[in-house]
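Participant: Dropping in work.pdb, which is PDB, C-alpha atoms, pLDDT in the B column:
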ATOM      1  CA  MET A   1      -3.206 -61.501  36.790  1.00 82.00           C
ATOM      2  CA  LEU A   2       0.185 -59.892  37.327  1.00 94.00           C
ATOM      3  CA  THR A   3       2.137 -60.466  40.519  1.00 97.00           C
ATOM      4  CA  ILE A   4       5.405 -58.798  39.507  1.00 98.00           C
ATOM      5  CA  ASP A   5       5.310 -55.053  38.842  1.00 97.00           C
ATOM      6  CA  ILE A   6       7.277 -54.804  35.591  1.00 96.00           C
ATOM      7  CA  GLU A   7       7.749 -51.060  36.061  1.00 95.00           C
ATOM      8  CA  ARG A   8       9.953 -51.690  39.111  1.00 96.00           C
ATOM      9  CA  LEU A   9      12.472 -53.560  36.970  1.00 95.00           C
ATOM     10  CA  SER A  10      13.575 -50.473  34.979  1.00 92.00           C
ATOM     11  CA  LEU A  11      13.791 -52.391  31.715  1.00 96.00           C
ATOM     12  CA  GLU A  12      15.524 -50.428  28.961  1.00 96.00           C
ATOM     13  CA  PRO A  13      15.664 -51.181  25.213  1.00 97.00           C
ATOM     14  CA  GLY A  14      18.163 -53.954  24.649  1.00 97.00           C
ATOM     15  CA  ALA A  15      17.507 -55.656  27.993  1.00 98.00           C
ATOM     16  CA  ARG A  16      17.311 -59.458  28.043  1.00 98.00           C
ATOM     17  CA  VAL A  17      14.669 -60.951  30.361  1.00 98.00           C
ATOM     18  CA  LEU A  18      14.067 -64.555  31.427  1.00 98.00           C
ATOM     19  CA  ASP A  19      10.748 -65.673  32.953  1.00 98.00           C
ATOM     20  CA  VAL A  20      11.418 -68.946  34.828  1.00 98.00           C
ATOM     21  CA  GLY A  21       8.349 -71.110  35.387  1.00 98.00           C
ATOM     22  CA  CYS A  22       6.391 -68.800  33.118  1.00 98.00           C
ATOM     23  CA  GLY A  23       3.043 -70.600  33.450  1.00 95.00           C
ATOM     24  CA  ASP A  24       0.716 -68.964  30.950  1.00 93.00           C
ATOM     25  CA  GLY A  25       3.339 -66.298  30.201  1.00 96.00           C
ATOM     26  CA  ARG A  26       1.556 -63.410  31.879  1.00 96.00           C
ATOM     27  CA  HIS A  27       4.760 -61.638  32.869  1.00 98.00           C
ATOM     28  CA  THR A  28       6.498 -62.342  29.574  1.00 98.00           C
ATOM     29  CA  ARG A  29       3.527 -60.813  27.772  1.00 97.00           C
ATOM     30  CA  GLN A  30       4.017 -57.589  29.706  1.00 96.00           C
ATOM     31  CA  THR A  31       7.544 -57.215  28.312  1.00 96.00           C
ATOM     32  CA  ARG A  32       5.964 -57.031  24.844  1.00 96.00           C
ATOM     33  CA  MET A  33       4.491 -53.670  25.840  1.00 95.00           C
ATOM     34  CA  LYS A  34       7.975 -52.156  26.055  1.00 95.00           C
ATOM     35  CA  PRO A  35      10.296 -51.436  23.124  1.00 96.00           C
ATOM     36  CA  GLY A  36      13.419 -53.448  22.466  1.00 97.00           C
ATOM     37  CA  ILE A  37      13.117 -56.071  25.202  1.00 98.00           C
ATOM     38  CA  ALA A  38      14.394 -59.559  24.350  1.00 98.00           C
ATOM     39  CA  ALA A  39      12.201 -61.923  26.375  1.00 98.00           C
ATOM     40  CA  PHE A  40      12.517 -65.651  26.955  1.00 98.00           C
ATOM     41  CA  ALA A  41       9.955 -67.764  28.804  1.00 98.00           C
ATOM     42  CA  LEU A  42      10.698 -71.200  30.259  1.00 98.00           C
ATOM     43  CA  ASP A  43       8.476 -73.811  31.868  1.00 98.00           C
ATOM     44  CA  LEU A  44       8.706 -77.531  32.568  1.00 97.00           C
ATOM     45  CA  ASP A  45       5.068 -78.074  31.581  1.00 97.00           C
ATOM     46  CA  LYS A  46       4.766 -78.726  27.838  1.00 97.00           C
ATOM     47  CA  GLN A  47       1.180 -77.403  27.707  1.00 97.00           C
ATOM     48  CA  LYS A  48       2.220 -74.128  29.373  1.00 97.00           C
ATOM     49  CA  VAL A  49       4.989 -73.714  26.814  1.00 98.00           C
ATOM     50  CA  PHE A  50       2.471 -74.088  23.976  1.00 97.00           C
ATOM     51  CA  GLU A  51       0.012 -71.689  25.646  1.00 96.00           C
ATOM     52  CA  THR A  52       2.678 -69.031  26.196  1.00 97.00           C
ATOM     53  CA  ALA A  53       3.947 -69.298  22.627  1.00 97.00           C
ATOM     54  CA  ALA A  54       0.411 -69.000  21.273  1.00 97.00           C
ATOM     55  CA  ALA A  55      -0.288 -65.942  23.437  1.00 96.00           C
ATOM     56  CA  LEU A  56       2.914 -64.228  22.279  1.00 96.00           C
ATOM     57  CA  HIS A  57       2.096 -64.971  18.646  1.00 94.00           C
ATOM     58  CA  THR A  58      -1.326 -63.386  19.174  1.00 95.00           C
ATOM     59  CA  LEU A  59       0.193 -60.272  20.729  1.00 95.00           C
ATOM     60  CA  ALA A  60       2.561 -59.921  17.784  1.00 92.00           C
ATOM     61  CA  ALA A  61      -0.385 -60.008  15.370  1.00 92.00           C
ATOM     62  CA  LEU A  62      -2.366 -57.298  17.171  1.00 92.00           C
ATOM     63  CA  THR A  63      -1.833 -53.562  17.093  1.00 89.00           C
ATOM     64  CA  PRO A  64      -1.167 -51.673  20.356  1.00 88.00           C
ATOM     65  CA  GLU A  65      -4.677 -50.196  20.046  1.00 89.00           C
ATOM     66  CA  GLU A  66      -6.024 -53.752  20.022  1.00 89.00           C
ATOM     67  CA  GLY A  67      -3.989 -54.666  23.097  1.00 88.00           C
ATOM     68  CA  GLY A  68      -1.063 -56.107  21.165  1.00 92.00           C
ATOM     69  CA  ALA A  69       2.682 -55.648  21.422  1.00 94.00           C
ATOM     70  CA  VAL A  70       4.378 -52.359  20.634  1.00 94.00           C
ATOM     71  CA  PRO A  71       5.737 -52.269  17.059  1.00 92.00           C
ATOM     72  CA  ASP A  72       9.379 -52.282  18.172  1.00 94.00           C
ATOM     73  CA  ALA A  73       9.064 -54.984  20.824  1.00 95.00           C
ATOM     74  CA  GLY A  74      12.207 -57.101  20.822  1.00 95.00           C
ATOM     75  CA  PRO A  75      12.657 -60.799  19.992  1.00 96.00           C
ATOM     76  CA  TRP A  76      11.143 -63.540  22.127  1.00 97.00           C
ATOM     77  CA  GLY A  77      11.384 -67.271  22.631  1.00 97.00           C
ATOM     78  CA  VAL A  78       9.626 -69.968  24.660  1.00 98.00           C
ATOM     79  CA  LEU A  79      11.426 -73.088  25.855  1.00 97.00           C
ATOM     80  CA  ARG A  80      10.694 -76.182  27.866  1.00 98.00           C
ATOM     81  CA  GLY A  81      13.203 -76.673  30.631  1.00 97.00           C
ATOM     82  CA  SER A  82      13.998 -76.978  34.316  1.00 98.00           C
ATOM     83  CA  ALA A  83      14.872 -74.244  36.782  1.00 98.00           C
ATOM     84  CA  TYR A  84      17.660 -76.539  37.972  1.00 98.00           C
ATOM     85  CA  GLU A  85      19.386 -76.594  34.580  1.00 98.00           C
ATOM     86  CA  LEU A  86      18.726 -73.477  32.513  1.00 98.00           C
ATOM     87  CA  PRO A  87      19.780 -73.844  28.853  1.00 97.00           C
ATOM     88  CA  PHE A  88      21.664 -70.533  28.691  1.00 98.00           C
ATOM     89  CA  GLU A  89      25.231 -69.374  29.054  1.00 98.00           C
ATOM     90  CA  SER A  90      26.378 -67.663  32.216  1.00 98.00           C
ATOM     91  CA  GLY A  91      25.550 -63.966  32.463  1.00 98.00           C
ATOM     92  CA  THR A  92      23.089 -64.041  29.562  1.00 98.00           C
ATOM     93  CA  PHE A  93      20.279 -62.016  31.164  1.00 98.00           C
ATOM     94  CA  ASP A  94      19.817 -58.531  32.573  1.00 98.00           C
ATOM     95  CA  CYS A  95      16.709 -59.555  34.509  1.00 98.00           C
ATOM     96  CA  VAL A  96      15.171 -62.809  35.722  1.00 98.00           C
ATOM     97  CA  ILE A  97      11.571 -63.232  36.902  1.00 98.00           C
ATOM     98  CA  ILE A  98      10.520 -66.256  38.951  1.00 98.00           C
ATOM     99  CA  SER A  99       6.958 -65.855  40.191  1.00 98.00           C
ATOM    100  CA  GLU A 100       5.091 -68.423  42.322  1.00 98.00           C
ATOM    101  CA  VAL A 101       7.617 -71.154  41.504  1.00 98.00           C
ATOM    102  CA  LEU A 102      10.083 -71.589  44.378  1.00 98.00           C
ATOM    103  CA  GLU A 103       7.391 -72.990  46.685  1.00 97.00           C
ATOM    104  CA  HIS A 104       7.014 -75.939  44.282  1.00 96.00           C
ATOM    105  CA  LEU A 105      10.726 -76.837  44.208  1.00 97.00           C
ATOM    106  CA  GLU A 106      12.300 -79.338  46.576  1.00 95.00           C
ATOM    107  CA  ASP A 107      15.692 -77.609  46.260  1.00 97.00           C
ATOM    108  CA  ASP A 108      15.007 -73.882  46.002  1.00 98.00           C
ATOM    109  CA  ASP A 109      18.659 -73.040  46.729  1.00 98.00           C
ATOM    110  CA  ALA A 110      19.772 -74.998  43.661  1.00 98.00           C
ATOM    111  CA  ALA A 111      17.277 -73.083  41.514  1.00 98.00           C
ATOM    112  CA  ILE A 112      18.459 -69.723  42.875  1.00 98.00           C
ATOM    113  CA  ARG A 113      22.083 -70.692  42.184  1.00 98.00           C
ATOM    114  CA  GLU A 114      21.190 -71.558  38.594  1.00 98.00           C
ATOM    115  CA  ILE A 115      19.303 -68.297  38.158  1.00 98.00           C
ATOM    116  CA  SER A 116      22.312 -66.440  39.547  1.00 98.00           C
ATOM    117  CA  ARG A 117      24.510 -68.164  36.991  1.00 98.00           C
ATOM    118  CA  VAL A 118      22.548 -66.867  34.002  1.00 98.00           C
ATOM    119  CA  LEU A 119      21.966 -63.381  35.481  1.00 98.00           C
ATOM    120  CA  ARG A 120      24.743 -60.856  34.884  1.00 98.00           C
ATOM    121  CA  PRO A 121      26.328 -58.995  37.813  1.00 98.00           C
ATOM    122  CA  GLY A 122      24.185 -55.954  38.537  1.00 98.00           C
ATOM    123  CA  GLY A 123      21.141 -57.591  36.969  1.00 98.00           C
ATOM    124  CA  ASN A 124      17.719 -57.568  38.618  1.00 98.00           C
ATOM    125  CA  LEU A 125      15.817 -60.504  40.083  1.00 98.00           C
ATOM    126  CA  ALA A 126      12.057 -60.403  40.719  1.00 98.00           C
ATOM    127  CA  VAL A 127      10.751 -63.255  42.865  1.00 98.00           C
ATOM    128  CA  SER A 128       7.342 -63.899  44.405  1.00 98.00           C
ATOM    129  CA  VAL A 129       6.078 -66.672  46.672  1.00 98.00           C
ATOM    130  CA  PRO A 130       2.884 -67.274  48.659  1.00 98.00           C
ATOM    131  CA  ARG A 131       2.835 -65.233  51.853  1.00 97.00           C
ATOM    132  CA  ARG A 132       3.141 -67.072  55.165  1.00 97.00           C
ATOM    133  CA  GLY A 133      -0.172 -66.089  56.810  1.00 97.00           C
ATOM    134  CA  PRO A 134      -2.655 -66.765  53.988  1.00 97.00           C
ATOM    135  CA  GLU A 135      -0.676 -69.848  52.940  1.00 98.00           C
ATOM    136  CA  ALA A 136      -0.731 -71.290  56.457  1.00 97.00           C
ATOM    137  CA  VAL A 137      -4.538 -70.984  56.475  1.00 97.00           C
ATOM    138  CA  CYS A 138      -4.692 -73.063  53.280  1.00 97.00           C
ATOM    139  CA  TRP A 139      -2.424 -75.735  54.778  1.00 97.00           C
ATOM    140  CA  ALA A 140      -4.553 -75.852  57.937  1.00 97.00           C
ATOM    141  CA  LEU A 141      -7.840 -76.146  56.024  1.00 96.00           C
ATOM    142  CA  SER A 142      -6.773 -78.759  53.487  1.00 95.00           C
ATOM    143  CA  HIS A 143      -4.408 -81.727  53.696  1.00 92.00           C
ATOM    144  CA  GLU A 144      -4.786 -82.078  49.925  1.00 91.00           C
ATOM    145  CA  TYR A 145      -3.469 -78.533  49.339  1.00 92.00           C
ATOM    146  CA  SER A 146       0.002 -79.355  50.628  1.00 88.00           C
ATOM    147  CA  HIS A 147       0.156 -83.012  49.548  1.00 88.00           C
ATOM    148  CA  THR A 148      -0.802 -82.823  45.881  1.00 87.00           C
ATOM    149  CA  PRO A 149       2.016 -83.914  43.504  1.00 87.00           C
ATOM    150  CA  GLY A 150       3.609 -80.783  42.099  1.00 86.00           C
ATOM    151  CA  GLY A 151       2.033 -78.660  44.822  1.00 90.00           C
ATOM    152  CA  HIS A 152       3.562 -76.437  47.472  1.00 94.00           C
ATOM    153  CA  VAL A 153       6.321 -78.083  49.511  1.00 95.00           C
ATOM    154  CA  ARG A 154       7.039 -75.278  51.997  1.00 96.00           C
ATOM    155  CA  ILE A 155       5.705 -72.086  53.536  1.00 97.00           C
ATOM    156  CA  TYR A 156       8.044 -69.100  53.252  1.00 97.00           C
ATOM    157  CA  ASN A 157       8.762 -66.710  56.050  1.00 94.00           C
ATOM    158  CA  ARG A 158       9.255 -63.271  54.517  1.00 95.00           C
ATOM    159  CA  ARG A 159      12.343 -62.443  56.548  1.00 96.00           C
ATOM    160  CA  ALA A 160      13.848 -65.876  55.936  1.00 95.00           C
ATOM    161  CA  LEU A 161      13.407 -65.512  52.175  1.00 97.00           C
ATOM    162  CA  ARG A 162      15.039 -62.087  52.275  1.00 97.00           C
ATOM    163  CA  ARG A 163      17.996 -63.624  54.145  1.00 97.00           C
ATOM    164  CA  LYS A 164      18.163 -66.459  51.625  1.00 98.00           C
ATOM    165  CA  LEU A 165      18.420 -63.995  48.755  1.00 98.00           C
ATOM    166  CA  SER A 166      21.113 -62.096  50.655  1.00 98.00           C
ATOM    167  CA  THR A 167      23.041 -65.333  51.185  1.00 98.00           C
ATOM    168  CA  HIS A 168      23.002 -65.872  47.431  1.00 98.00           C
ATOM    169  CA  GLY A 169      24.510 -62.431  46.869  1.00 98.00           C
ATOM    170  CA  TYR A 170      21.411 -60.296  46.248  1.00 98.00           C
ATOM    171  CA  ARG A 171      20.472 -56.911  47.675  1.00 98.00           C
ATOM    172  CA  VAL A 172      16.711 -56.458  48.013  1.00 98.00           C
ATOM    173  CA  PHE A 173      15.732 -52.934  46.973  1.00 98.00           C
ATOM    174  CA  ALA A 174      11.934 -53.178  47.068  1.00 98.00           C
ATOM    175  CA  SER A 175       9.100 -55.453  48.160  1.00 98.00           C
ATOM    176  CA  HIS A 176       5.315 -55.511  48.371  1.00 98.00           C
ATOM    177  CA  PHE A 177       2.328 -57.786  48.873  1.00 98.00           C
ATOM    178  CA  ALA A 178      -0.176 -58.729  46.166  1.00 98.00           C
ATOM    179  CA  HIS A 179      -3.571 -60.357  45.529  1.00 97.00           C
ATOM    180  CA  ALA A 180      -5.407 -59.794  48.811  1.00 98.00           C
ATOM    181  CA  LEU A 181      -8.739 -60.477  47.073  1.00 97.00           C
ATOM    182  CA  HIS A 182      -7.492 -63.906  45.989  1.00 97.00           C
ATOM    183  CA  ALA A 183      -6.694 -65.184  49.488  1.00 98.00           C
ATOM    184  CA  PRO A 184     -10.358 -65.802  50.494  1.00 97.00           C
ATOM    185  CA  PHE A 185     -10.960 -67.640  47.213  1.00 97.00           C
ATOM    186  CA  TRP A 186      -8.292 -70.207  48.072  1.00 97.00           C
ATOM    187  CA  TRP A 187      -9.577 -70.515  51.632  1.00 97.00           C
ATOM    188  CA  LEU A 188     -12.993 -71.339  50.186  1.00 97.00           C
ATOM    189  CA  LYS A 189     -11.435 -73.879  47.807  1.00 96.00           C
ATOM    190  CA  CYS A 190      -9.589 -75.527  50.676  1.00 96.00           C
ATOM    191  CA  MET A 191     -12.755 -75.703  52.798  1.00 96.00           C
ATOM    192  CA  VAL A 192     -14.980 -77.310  50.151  1.00 96.00           C
ATOM    193  CA  GLY A 193     -12.287 -79.387  48.421  1.00 94.00           C
ATOM    194  CA  LEU A 194      -9.798 -78.334  45.750  1.00 93.00           C
ATOM    195  CA  GLU A 195     -11.498 -80.488  43.103  1.00 90.00           C
ATOM    196  CA  ASN A 196     -15.035 -79.499  44.092  1.00 92.00           C
ATOM    197  CA  ASP A 197     -16.123 -77.307  41.196  1.00 87.00           C
ATOM    198  CA  ASP A 198     -19.817 -77.518  42.154  1.00 92.00           C
ATOM    199  CA  SER A 199     -19.560 -75.221  45.177  1.00 95.00           C
ATOM    200  CA  ARG A 200     -21.791 -72.218  44.567  1.00 95.00           C
ATOM    201  CA  ALA A 201     -19.649 -70.010  46.805  1.00 95.00           C
ATOM    202  CA  VAL A 202     -16.482 -70.888  44.889  1.00 95.00           C
ATOM    203  CA  GLN A 203     -18.203 -70.354  41.542  1.00 96.00           C
ATOM    204  CA  LEU A 204     -19.501 -66.927  42.540  1.00 97.00           C
ATOM    205  CA  TYR A 205     -16.176 -65.799  43.963  1.00 97.00           C
ATOM    206  CA  HIS A 206     -14.371 -66.998  40.840  1.00 96.00           C
ATOM    207  CA  LYS A 207     -16.760 -65.000  38.652  1.00 96.00           C
ATOM    208  CA  PHE A 208     -16.055 -61.952  40.789  1.00 96.00           C
ATOM    209  CA  LEU A 209     -12.276 -62.385  40.402  1.00 96.00           C
ATOM    210  CA  VAL A 210     -12.552 -62.786  36.623  1.00 95.00           C
ATOM    211  CA  TRP A 211     -14.791 -59.709  36.421  1.00 96.00           C
ATOM    212  CA  ASP A 212     -12.348 -57.734  38.548  1.00 95.00           C
ATOM    213  CA  MET A 213      -9.360 -58.871  36.476  1.00 92.00           C
ATOM    214  CA  PHE A 214     -10.895 -57.627  33.232  1.00 91.00           C
ATOM    215  CA  ARG A 215     -12.740 -54.552  34.479  1.00 93.00           C
ATOM    216  CA  ARG A 216     -10.346 -53.341  37.212  1.00 92.00           C
ATOM    217  CA  PRO A 217     -12.828 -50.893  38.781  1.00 95.00           C
ATOM    218  CA  LEU A 218     -11.449 -48.197  41.042  1.00 96.00           C
ATOM    219  CA  LEU A 219     -13.269 -49.555  44.099  1.00 95.00           C
ATOM    220  CA  THR A 220     -11.668 -53.007  44.040  1.00 96.00           C
ATOM    221  CA  ARG A 221      -8.251 -51.569  43.159  1.00 95.00           C
ATOM    222  CA  LEU A 222      -8.446 -49.337  46.237  1.00 97.00           C
ATOM    223  CA  LEU A 223      -9.800 -52.182  48.366  1.00 96.00           C
ATOM    224  CA  GLU A 224      -6.961 -54.501  47.377  1.00 96.00           C
ATOM    225  CA  ARG A 225      -4.395 -51.778  48.008  1.00 96.00           C
ATOM    226  CA  VAL A 226      -5.757 -51.360  51.541  1.00 97.00           C
ATOM    227  CA  LEU A 227      -5.984 -55.112  52.209  1.00 97.00           C
ATOM    228  CA  ASN A 228      -2.669 -56.208  50.667  1.00 97.00           C
ATOM    229  CA  PRO A 229      -0.542 -55.457  53.758  1.00 96.00           C
ATOM    230  CA  MET A 230      -2.863 -57.663  55.830  1.00 95.00           C
ATOM    231  CA  LEU A 231      -4.194 -60.312  53.433  1.00 96.00           C
ATOM    232  CA  GLY A 232      -1.976 -60.179  50.348  1.00 97.00           C
ATOM    233  CA  LYS A 233      -1.602 -63.787  49.188  1.00 98.00           C
ATOM    234  CA  SER A 234       1.836 -63.210  47.648  1.00 98.00           C
ATOM    235  CA  VAL A 235       4.972 -61.416  48.742  1.00 98.00           C
ATOM    236  CA  VAL A 236       7.238 -59.983  46.043  1.00 98.00           C
ATOM    237  CA  PHE A 237      10.919 -59.099  46.291  1.00 98.00           C
ATOM    238  CA  TYR A 238      12.971 -57.075  43.816  1.00 98.00           C
ATOM    239  CA  ALA A 239      16.722 -57.543  44.178  1.00 98.00           C
ATOM    240  CA  VAL A 240      19.966 -56.734  42.394  1.00 98.00           C
ATOM    241  CA  LYS A 241      22.764 -59.260  41.971  1.00 98.00           C
ATOM    242  CA  GLY A 242      25.980 -58.168  43.621  1.00 92.00           C
TER     243      GLY A 242
END
I'd like the structure from this file rewritten - as structure tokens, please.
Facilitator:
Amino acid sequence: MLTIDIERLSLEPGARVLDVGCGDGRHTRQTRMKPGIAAFALDLDKQKVFETAAALHTLAALTPEEGGAVPDAGPWGVLRGSAYELPFESGTFDCVIISEVLEHLEDDDAAIREISRVLRPGGNLAVSVPRRGPEAVCWALSHEYSHTPGGHVRIYNRRALRRKLSTHGYRVFASHFAHALHAPFWWLKCMVGLENDDSRAVQLYHKFLVWDMFRRPLLTRLLERVLNPMLGKSVVFYAVKG
């Protein structure tokens, strides 16, 4: 499930990309579909690092017809590390992606400063966070949602986040909402309990989301496009470092 639209980043052969808080590496994997991109994924979770490395190895072994990487995809690496202390020299990257991470960090300004350090002047930053409206519903429905260790520590106001990026020296050049069909799923989870895997409603909705993710029928793509401005669970900003 992609949140960041890789096509908006204008990645050219030779570009160096860092995916901070890569999770399962979904955005890093997309860079493998473009020629000559050097991609590095970083996460604090050791299991996520292993999963991302395994997925990238699999892509390298498959042909493009099988859904694998393009033959001339650039080098890649996966590291364990913190967004507060990135193990790279200043100005190393042409693009940094940080998707659904800042809401977990107690000091998001410190993380943005560190990202700015490793991003070259004129480089692109893609950042996504949960959107205020759908996120506020989750907080209202479930105390557990906002008080789980490692969970979300704040709700972002879209305008405030844009101002924060501007304060750090970025110019936002594009934005959009994403994942409208996922918002009701999390509302259901919050209503029945985040750890309640026996809920029939949650099970059925999850099956629908998995089916939609793999099949991507025209109807649901159009439906999500219509609903994203109102219900999109995530807001995405694309910005250039001044």
Participant: What's around stretch 106-119 of chain A at 7 Å? Count all atoms listed in the file, leave out sequence neighbours fewer than 6 positions away in its own chain, and write the answer as a ChimeraX atom specification.
Facilitator: /A:83-86,88-96,153
Participant: Taking all atoms listed in the file into account, which of A:Leu188, A:Leu11, A:Ala41, A:Ala61 comes nearest A:His206?
Facilitator: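 Under the stated criterion, the closest residue is A:Leu188.
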Participant: For A:Ser128, which residue among A:Ala140, A:Met213, A:Leu102, A:Val192 is the nearest when counting all atoms listed in the file?
Facilitator: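 Under the stated criterion, the closest residue is A:Leu102.
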Participant: Extract, using all atoms listed in the file, all DNA, RNA and protein residues at most 10 Å from A:Asp45, discarding same-chain residues fewer than 5 positions from it, and format them as a PyMOL selection string.
Facilitator: chain A and resi 21-23+50+79-82
Participant: Run the PyMOL selection byres ((chain A and resi 180) around 7) on the file and write out the hits as a ChimeraX atom specification.
Facilitator: /A:178-179,181-183,224,227-228,231-233
Participant: Work out how far atom CA of A:Val235 is from atom CA of A:Ile37, in Å to one decimal.
Facilitator: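 Rounded to one decimal, the two atoms are 25.5 Å apart.
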Participant: Which value, in Å to one decimal, gives the distance between atom CA of A:Gly133 and atom CA of A:Pro229?
Facilitator: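 So the two atoms, atom CA of A:Gly133 and atom CA of A:Pro229, lie 11.1 Å apart.
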Participant: Using the chain letters and numbers from this file, what does the PyMOL selection byres ((chain A and resi 185-187) around 10) select? Give the answer as a ChimeraX atom specification.
Facilitator: /A:134-135,137-142,145,180-184,188-194,201-206,208-209,233
Participant: Output the residue selection produced by the PyMOL selection byres ((chain A and resi 57-60) around 9) on the file above, formatted as a PyMOL selection string.
Facilitator: chain A and resi 29+32+52-56+61-64+67-71+73
Participant: Record the distance separating atom CA of A:Pro121 and atom CA of A:Arg163, expressed in Å with one decimal.
Facilitator: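 Going from atom CA of A:Pro121 over to atom CA of A:Arg163, I get 18.9 Å.
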Participant: Tell me which of A:Val78, A:Arg221, A:His147, A:Pro35 sits closest to A:Val49, counting all atoms listed in the file.
Facilitator: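 Going through A:Val78, A:Arg221, A:His147, A:Pro35 one by one, the smallest distance to A:Val49 is for A:Val78.
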Participant: Fewer than 6 positions away in the same chain doesn't count, so skip those; otherwise give me all residues within 8 Å of A:Ile97, counting all atoms listed in the file, as JSON, numbers by chain.
Facilitator: {"A": [17, 18, 19, 20, 125, 126, 127]}
Participant: Find, counting all atoms listed in the file, the residue in A:Glu7, A:Asp43, A:Glu66, A:Glu12 that gets nearest to A:Gln30.
Facilitator: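 Answer, going by the shortest atom-to-atom distance: A:Glu7.
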Participant: Counting only C-alpha atoms, I want the residues whose atoms come within 12 Å of (17.4, -52.9, 45.9) in the file frame, returned as a ChimeraX atom specification.
Facilitator: /A:8-10,122-126,162,165-166,169-175,237-242
Participant: Output as JSON the centre and edge lengths (Å, one decimal) of the box along x, y and z of the file that holds every listed atom of stretch 107-114 of chain A after adding 4 Å on each side.
Facilitator:
{"center_x": 18.5, "center_y": -73.7, "center_z": 42.7, "size_x": 15.1, "size_y": 15.9, "size_z": 16.1}
